[in-house]
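Enquirer: The structure file coords09.csv (CSV, N, CA and C atoms) is provided below.
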chain,number,residue,atom,x,y,z
N,277,MET,N,123.3,87.5,112.8
N,277,MET,CA,122.1,88.3,113.0
N,277,MET,C,121.3,87.7,114.2
N,278,THR,N,121.0,88.5,115.1
N,278,THR,CA,120.2,88.1,116.3
N,278,THR,C,118.7,88.1,115.9
N,279,THR,N,117.9,87.5,116.8
N,279,THR,CA,116.5,87.5,116.6
N,279,THR,C,115.9,88.9,116.6
N,280,GLU,N,116.4,89.7,117.5
N,280,GLU,CA,115.9,91.1,117.5
N,280,GLU,C,116.3,91.9,116.2
N,281,GLU,N,117.5,91.6,115.7
N,281,GLU,CA,118.0,92.3,114.5
N,281,GLU,C,117.2,91.8,113.3
N,282,ALA,N,116.8,90.5,113.3
N,282,ALA,CA,116.0,89.9,112.2
N,282,ALA,C,114.6,90.5,112.2
N,283,ILE,N,114.0,90.7,113.4
N,283,ILE,CA,112.7,91.3,113.4
N,283,ILE,C,112.8,92.7,113.0
N,284,GLU,N,113.8,93.4,113.4
N,284,GLU,CA,113.9,94.8,113.0
N,284,GLU,C,114.1,94.9,111.5
N,285,GLU,N,114.9,94.0,110.9
N,285,GLU,CA,115.2,94.1,109.5
N,285,GLU,C,113.9,93.8,108.7
N,286,LEU,N,113.1,92.9,109.1
N,286,LEU,CA,111.8,92.6,108.5
N,286,LEU,C,110.8,93.8,108.6
N,287,MET,N,110.9,94.5,109.7
N,287,MET,CA,110.0,95.6,109.9
N,287,MET,C,110.4,96.7,109.0
N,288,TYR,N,111.7,96.9,108.7
N,288,TYR,CA,112.1,97.9,107.8
N,288,TYR,C,111.8,97.5,106.4
N,289,GLN,N,112.0,96.2,106.0
N,289,GLN,CA,111.7,95.7,104.7
N,289,GLN,C,110.2,95.8,104.3
N,290,CYS,N,109.3,95.6,105.3
N,290,CYS,CA,107.9,95.7,105.0
N,290,CYS,C,107.3,97.0,105.4
N,291,ALA,N,108.1,98.0,105.7
N,291,ALA,CA,107.7,99.4,105.9
N,291,ALA,C,106.8,99.5,107.2
N,292,ALA,N,107.1,98.6,108.2
N,292,ALA,CA,106.3,98.6,109.4
N,292,ALA,C,107.0,99.3,110.5
N,293,HIS,N,108.3,99.6,110.3
N,293,HIS,CA,109.1,100.2,111.4
N,293,HIS,C,108.6,101.7,111.6
N,294,THR,N,108.7,102.2,112.8
N,294,THR,CA,108.2,103.5,113.0
N,294,THR,C,109.2,104.6,112.6
N,295,ASN,N,110.4,104.3,112.3
N,295,ASN,CA,111.4,105.2,111.9
N,295,ASN,C,111.4,105.4,110.3
N,296,VAL,N,110.3,106.1,109.9
N,296,VAL,CA,110.1,106.3,108.4
N,296,VAL,C,111.1,107.2,107.8
N,297,GLU,N,111.9,107.9,108.5
N,297,GLU,CA,112.9,108.8,108.0
N,297,GLU,C,114.2,108.0,107.6
N,298,SER,N,114.3,106.8,108.1
N,298,SER,CA,115.5,106.0,107.9
N,298,SER,C,115.6,105.6,106.4
N,299,GLU,N,116.9,105.6,105.9
N,299,GLU,CA,117.1,105.1,104.5
N,299,GLU,C,116.8,103.6,104.4
N,300,ARG,N,116.9,102.9,105.5
N,300,ARG,CA,116.6,101.5,105.5
N,300,ARG,C,115.1,101.3,105.2
N,301,TRP,N,114.3,102.2,105.8
N,301,TRP,CA,112.8,102.1,105.5
N,301,TRP,C,112.5,102.5,104.1
N,302,GLN,N,113.1,103.6,103.6
N,302,GLN,CA,112.8,104.1,102.3
N,302,GLN,C,113.4,103.2,101.2
N,303,ASN,N,114.5,102.5,101.5
N,303,ASN,CA,115.1,101.7,100.5
N,303,ASN,C,114.8,100.2,100.7
N,304,GLY,N,113.9,99.9,101.6
N,304,GLY,CA,113.5,98.5,101.9
N,304,GLY,C,112.6,98.0,100.8
N,305,PHE,N,112.2,96.8,100.9
N,305,PHE,CA,111.4,96.1,99.8
N,305,PHE,C,110.2,96.9,99.5
N,306,LEU,N,109.3,97.1,100.5
N,306,LEU,CA,108.1,97.9,100.2
N,306,LEU,C,108.3,99.4,100.0
N,307,GLY,N,109.4,99.9,100.6
N,307,GLY,CA,109.7,101.3,100.4
N,307,GLY,C,110.0,101.6,98.9
N,308,HIS,N,110.6,100.6,98.2
N,308,HIS,CA,110.9,100.8,96.8
N,308,HIS,C,109.7,100.6,95.9
N,309,LEU,N,108.6,100.1,96.5
N,309,LEU,CA,107.4,99.9,95.7
N,309,LEU,C,106.5,101.1,95.8
N,310,ARG,N,106.8,102.0,96.7
N,310,ARG,CA,105.9,103.2,97.0
N,310,ARG,C,106.7,104.5,96.7
N,311,PRO,N,106.6,105.1,95.6
N,311,PRO,CA,106.1,104.6,94.3
N,311,PRO,C,107.1,103.7,93.7
N,312,PHE,N,106.7,102.8,92.8
N,312,PHE,CA,107.6,101.9,92.1
N,312,PHE,C,108.6,102.6,91.3
N,313,SER,N,109.8,102.4,91.5
N,313,SER,CA,110.9,103.1,90.7
N,313,SER,C,111.3,102.4,89.5
N,314,GLY,N,110.8,101.2,89.2
N,314,GLY,CA,111.2,100.5,88.1
N,314,GLY,C,112.2,99.4,88.3
N,315,LYS,N,112.8,99.4,89.5
N,315,LYS,CA,113.8,98.3,89.8
N,315,LYS,C,113.7,98.0,91.3
N,316,LEU,N,114.0,96.7,91.6
N,316,LEU,CA,114.1,96.3,92.9
N,316,LEU,C,115.5,96.0,93.3
N,317,ARG,N,115.9,96.1,94.5
N,317,ARG,CA,117.2,95.8,95.0
N,317,ARG,C,117.4,94.4,95.4
N,318,GLU,N,118.3,93.6,94.8
N,318,GLU,CA,118.5,92.2,95.1
N,318,GLU,C,119.0,92.1,96.5
N,319,GLU,N,119.7,93.1,97.0
N,319,GLU,CA,120.2,93.1,98.4
N,319,GLU,C,119.0,92.9,99.4
N,320,ASN,N,117.9,93.5,99.1
N,320,ASN,CA,116.7,93.4,100.0
N,320,ASN,C,116.2,92.0,100.1
N,321,TYR,N,116.2,91.3,99.0
N,321,TYR,CA,115.8,89.9,99.0
N,321,TYR,C,116.7,89.1,99.9
N,322,HIS,N,118.0,89.3,99.8
N,322,HIS,CA,119.0,88.5,100.6
N,322,HIS,C,118.8,88.9,102.1
N,323,LEU,N,118.6,90.1,102.4
N,323,LEU,CA,118.3,90.5,103.8
N,323,LEU,C,117.1,89.9,104.4
N,324,ILE,N,116.0,89.8,103.6
N,324,ILE,CA,114.8,89.2,104.0
N,324,ILE,C,115.0,87.7,104.3
N,325,MET,N,115.7,87.0,103.3
N,325,MET,CA,116.0,85.6,103.5
N,325,MET,C,116.8,85.3,104.7
N,326,ARG,N,117.8,86.1,104.9
N,326,ARG,CA,118.7,86.0,106.1
N,326,ARG,C,117.9,86.1,107.4
N,327,ALA,N,117.0,87.1,107.4
N,327,ALA,CA,116.2,87.3,108.6
N,327,ALA,C,115.3,86.1,108.8
N,328,LEU,N,114.7,85.6,107.8
N,328,LEU,CA,113.8,84.5,107.9
N,328,LEU,C,114.5,83.2,108.4
N,329,LYS,N,115.7,83.0,107.9
N,329,LYS,CA,116.5,81.9,108.4
N,329,LYS,C,116.7,82.0,109.9
N,330,VAL,N,117.0,83.2,110.4
N,330,VAL,CA,117.2,83.3,111.8
N,330,VAL,C,115.9,83.1,112.6
N,331,LEU,N,114.8,83.5,112.1
N,331,LEU,CA,113.5,83.4,112.8
N,331,LEU,C,112.8,82.1,112.5
N,332,ALA,N,113.2,81.3,111.6
N,332,ALA,CA,112.5,80.0,111.2
N,332,ALA,C,112.3,79.1,112.4
N,333,PRO,N,113.3,78.9,113.3
N,333,PRO,CA,113.1,77.9,114.4
N,333,PRO,C,111.9,78.4,115.3
N,334,GLU,N,111.7,79.7,115.4
N,334,GLU,CA,110.7,80.2,116.3
N,334,GLU,C,109.3,80.2,115.6
N,335,MET,N,109.3,80.1,114.3
N,335,MET,CA,108.0,80.1,113.6
N,335,MET,C,107.4,78.8,113.6
Using structure tokens, write down the structure from this file.
Expert:
Amino acid sequence: MTTEEAIEELMYQCAAHTNVESERWQNGFLGHLRPFSGKLREENYHLIMRALKVLAPEM
């Protein structure tokens, strides 16, 4: 995952990406909380952690 891909992934996960029609936006971490469907996707956690590992040196 590149830095650009990591930033894009985090934008989808936090529902900040402008492409709100994307399944990535709707199925992202915050997308699942609006409205809360009763379950979270473990895959989202792993995607967020992977993106943060890529971005950690720059933070």
Enquirer: Check chain N with DSSP on the backbone and list each residue it calls helix (DSSP H, G or I), as a ChimeraX atom specification.
Expert: /N:279-289,299-302,307-309,318-334
Enquirer: From the options N:Ala332, N:Tyr288, N:Thr279, N:His322, which residue's atoms come nearest to Gln302 in chain N, counting all atoms listed in the file?
Expert: N:Tyr288
Enquirer: I want to know what sits within 6.5 Å of Met277 in chain N, based on all atoms listed in the file, with residues of the same chain fewer than 4 positions away left out; could you give that as a compact mmCIF listing (two decimals) with N, CA and C atoms, in the frame of the given file?
Expert:
# COMPACT_ATOMS: atom_id res chain seq x y z
N GLU N 281 117.50 91.60 115.70
CA GLU N 281 118.00 92.30 114.50
C GLU N 281 117.20 91.80 113.30
N ALA N 282 116.80 90.50 113.30
CA ALA N 282 116.00 89.90 112.20
C ALA N 282 114.60 90.50 112.20
N VAL N 330 117.00 83.20 110.40
CA VAL N 330 117.20 83.30 111.80
C VAL N 330 115.90 83.10 112.60
Enquirer: Kindly give the distance, in Å, that separates atom C of Leu323 in chain N and atom C of Cys290 in chain N, rounded to a single decimal.
Expert: 12.1 Å
Enquirer: Counting all atoms listed in the file, which of N:Leu309, N:Ile283, N:Ala291, N:Leu316 gets nearest to Leu331 in chain N?
Expert: N:Ile283
Enquirer: Using only N, CA and C atoms, can you tell me which of N:Ala327, N:Met335, N:Met287, N:Gly314 comes closest to Arg300 in chain N?
Expert: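 Going through N:Ala327, N:Met335, N:Met287, N:Gly314 one by one, the smallest distance to Arg300 in chain N is for N:Met287.
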Enquirer: So, counting only C-alpha atoms, which residue among N:Val296, N:Thr278, N:Leu306, N:Glu285 is closest to Met325 in chain N?
Expert: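 For Met325 in chain N, the nearest of the given residues is N:Glu285.
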Enquirer: Pick out the closest residue to Asn320 in chain N from this set: N:Leu286, N:Pro333, N:Asn295, N:Phe305. Count only C-alpha atoms.
Expert: N:Phe305
Enquirer: Suppose you want the space between CA of Glu299 in chain N and CA of Lys329 in chain N; what is it in Å?
Expert: 23.5 Å
Enquirer: Would you work out the distance separating CA of Gly307 in chain N from atom N of Glu280 in chain N, expressed in Å to one decimal?
Expert: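 Atom N of Glu280 in chain N lies at a distance of 21.7 Å from CA of Gly307 in chain N.
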Enquirer: Out of N:His308, N:Leu328, N:Glu318, N:Glu297, which residue has the shortest atom-to-atom distance to Glu284 in chain N when counting only C-alpha atoms?
Expert: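 Comparing N:His308, N:Leu328, N:Glu318, N:Glu297 against Glu284 in chain N, the winner is N:Leu328.
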Enquirer: Would you mind completing range 280-291 of chain N so that it carries all heavy atoms, and writing it out as a PDB file, in the coordinates of the input?
Expert:
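Result file part.pdb:
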ATOM      1  N   GLU N 280     116.400  89.700 117.500  1.00  0.00           N
ATOM      2  CA  GLU N 280     115.900  91.100 117.500  1.00  0.00           C
ATOM      3  C   GLU N 280     116.300  91.900 116.200  1.00  0.00           C
ATOM      4  O   GLU N 280     115.509  92.623 115.683  1.00  0.00           O
ATOM      5  CB  GLU N 280     116.504  91.842 118.719  1.00  0.00           C
ATOM      6  CG  GLU N 280     115.974  91.347 120.049  1.00  0.00           C
ATOM      7  CD  GLU N 280     116.639  90.044 120.518  1.00  0.00           C
ATOM      8  OE1 GLU N 280     117.757  89.722 120.053  1.00  0.00           O
ATOM      9  OE2 GLU N 280     116.023  89.345 121.326  1.00  0.00           O
ATOM     10  N   GLU N 281     117.500  91.600 115.700  1.00  0.00           N
ATOM     11  CA  GLU N 281     118.000  92.300 114.500  1.00  0.00           C
ATOM     12  C   GLU N 281     117.200  91.800 113.300  1.00  0.00           C
ATOM     13  O   GLU N 281     116.809  92.538 112.393  1.00  0.00           O
ATOM     14  CB  GLU N 281     119.447  92.013 114.242  1.00  0.00           C
ATOM     15  CG  GLU N 281     120.358  92.722 115.212  1.00  0.00           C
ATOM     16  CD  GLU N 281     121.797  92.260 115.132  1.00  0.00           C
ATOM     17  OE1 GLU N 281     122.049  91.104 114.744  1.00  0.00           O
ATOM     18  OE2 GLU N 281     122.676  93.076 115.472  1.00  0.00           O
ATOM     19  N   ALA N 282     116.800  90.500 113.300  1.00  0.00           N
ATOM     20  CA  ALA N 282     116.000  89.900 112.200  1.00  0.00           C
ATOM     21  C   ALA N 282     114.600  90.500 112.200  1.00  0.00           C
ATOM     22  O   ALA N 282     114.106  90.873 111.136  1.00  0.00           O
ATOM     23  CB  ALA N 282     115.935  88.386 112.370  1.00  0.00           C
ATOM     24  N   ILE N 283     114.000  90.700 113.400  1.00  0.00           N
ATOM     25  CA  ILE N 283     112.700  91.300 113.400  1.00  0.00           C
ATOM     26  C   ILE N 283     112.800  92.700 113.000  1.00  0.00           C
ATOM     27  O   ILE N 283     111.904  93.163 112.185  1.00  0.00           O
ATOM     28  CB  ILE N 283     112.135  91.170 114.874  1.00  0.00           C
ATOM     29  CG1 ILE N 283     111.836  89.709 115.205  1.00  0.00           C
ATOM     30  CG2 ILE N 283     110.896  92.049 115.045  1.00  0.00           C
ATOM     31  CD1 ILE N 283     111.530  89.448 116.662  1.00  0.00           C
ATOM     32  N   GLU N 284     113.800  93.400 113.400  1.00  0.00           N
ATOM     33  CA  GLU N 284     113.900  94.800 113.000  1.00  0.00           C
ATOM     34  C   GLU N 284     114.100  94.900 111.500  1.00  0.00           C
ATOM     35  O   GLU N 284     113.515  95.798 110.818  1.00  0.00           O
ATOM     36  CB  GLU N 284     115.091  95.496 113.712  1.00  0.00           C
ATOM     37  CG  GLU N 284     115.252  96.964 113.337  1.00  0.00           C
ATOM     38  CD  GLU N 284     116.395  97.633 114.076  1.00  0.00           C
ATOM     39  OE1 GLU N 284     117.513  97.095 114.065  1.00  0.00           O
ATOM     40  OE2 GLU N 284     116.143  98.694 114.652  1.00  0.00           O
ATOM     41  N   GLU N 285     114.900  94.000 110.900  1.00  0.00           N
ATOM     42  CA  GLU N 285     115.200  94.100 109.500  1.00  0.00           C
ATOM     43  C   GLU N 285     113.900  93.800 108.700  1.00  0.00           C
ATOM     44  O   GLU N 285     113.552  94.537 107.745  1.00  0.00           O
ATOM     45  CB  GLU N 285     116.181  92.994 109.074  1.00  0.00           C
ATOM     46  CG  GLU N 285     116.560  93.025 107.609  1.00  0.00           C
ATOM     47  CD  GLU N 285     117.229  94.325 107.217  1.00  0.00           C
ATOM     48  OE1 GLU N 285     118.153  94.780 107.924  1.00  0.00           O
ATOM     49  OE2 GLU N 285     116.824  94.914 106.190  1.00  0.00           O
ATOM     50  N   LEU N 286     113.100  92.900 109.100  1.00  0.00           N
ATOM     51  CA  LEU N 286     111.800  92.600 108.500  1.00  0.00           C
ATOM     52  C   LEU N 286     110.800  93.800 108.600  1.00  0.00           C
ATOM     53  O   LEU N 286     110.088  94.087 107.681  1.00  0.00           O
ATOM     54  CB  LEU N 286     111.163  91.322 109.013  1.00  0.00           C
ATOM     55  CG  LEU N 286     111.872  90.029 108.631  1.00  0.00           C
ATOM     56  CD1 LEU N 286     111.180  88.840 109.288  1.00  0.00           C
ATOM     57  CD2 LEU N 286     111.921  89.857 107.121  1.00  0.00           C
ATOM     58  N   MET N 287     110.900  94.500 109.700  1.00  0.00           N
ATOM     59  CA  MET N 287     110.000  95.600 109.900  1.00  0.00           C
ATOM     60  C   MET N 287     110.400  96.700 109.000  1.00  0.00           C
ATOM     61  O   MET N 287     109.551  97.415 108.404  1.00  0.00           O
ATOM     62  CB  MET N 287     110.078  96.105 111.379  1.00  0.00           C
ATOM     63  CG  MET N 287     109.388  95.162 112.338  1.00  0.00           C
ATOM     64  SD  MET N 287     109.462  95.712 114.044  1.00  0.00           S
ATOM     65  CE  MET N 287     108.360  97.121 113.990  1.00  0.00           C
ATOM     66  N   TYR N 288     111.700  96.900 108.700  1.00  0.00           N
ATOM     67  CA  TYR N 288     112.100  97.900 107.800  1.00  0.00           C
ATOM     68  C   TYR N 288     111.800  97.500 106.400  1.00  0.00           C
ATOM     69  O   TYR N 288     111.293  98.295 105.547  1.00  0.00           O
ATOM     70  CB  TYR N 288     113.661  98.144 107.837  1.00  0.00           C
ATOM     71  CG  TYR N 288     114.079  99.168 108.861  1.00  0.00           C
ATOM     72  CD1 TYR N 288     114.855  98.808 109.952  1.00  0.00           C
ATOM     73  CD2 TYR N 288     113.713 100.503 108.729  1.00  0.00           C
ATOM     74  CE1 TYR N 288     115.253  99.747 110.897  1.00  0.00           C
ATOM     75  CE2 TYR N 288     114.105 101.445 109.670  1.00  0.00           C
ATOM     76  CZ  TYR N 288     114.871 101.065 110.742  1.00  0.00           C
ATOM     77  OH  TYR N 288     115.254 102.005 111.670  1.00  0.00           O
ATOM     78  N   GLN N 289     112.000  96.200 106.000  1.00  0.00           N
ATOM     79  CA  GLN N 289     111.700  95.700 104.700  1.00  0.00           C
ATOM     80  C   GLN N 289     110.200  95.800 104.300  1.00  0.00           C
ATOM     81  O   GLN N 289     109.851  96.088 103.177  1.00  0.00           O
ATOM     82  CB  GLN N 289     112.185  94.302 104.504  1.00  0.00           C
ATOM     83  CG  GLN N 289     113.676  94.153 104.546  1.00  0.00           C
ATOM     84  CD  GLN N 289     114.387  94.840 103.390  1.00  0.00           C
ATOM     85  OE1 GLN N 289     113.848  95.040 102.313  1.00  0.00           O
ATOM     86  NE2 GLN N 289     115.629  95.228 103.628  1.00  0.00           N
ATOM     87  N   CYS N 290     109.300  95.600 105.300  1.00  0.00           N
ATOM     88  CA  CYS N 290     107.900  95.700 105.000  1.00  0.00           C
ATOM     89  C   CYS N 290     107.300  97.000 105.400  1.00  0.00           C
ATOM     90  O   CYS N 290     106.070  97.198 105.345  1.00  0.00           O
ATOM     91  CB  CYS N 290     107.163  94.561 105.737  1.00  0.00           C
ATOM     92  SG  CYS N 290     106.988  94.776 107.506  1.00  0.00           S
ATOM     93  N   ALA N 291     108.100  98.000 105.700  1.00  0.00           N
ATOM     94  CA  ALA N 291     107.700  99.400 105.900  1.00  0.00           C
ATOM     95  C   ALA N 291     106.800  99.500 107.200  1.00  0.00           C
ATOM     96  O   ALA N 291     105.874 100.282 107.219  1.00  0.00           O
ATOM     97  CB  ALA N 291     107.036 100.017 104.722  1.00  0.00           C
TER      98      ALA N 291
END
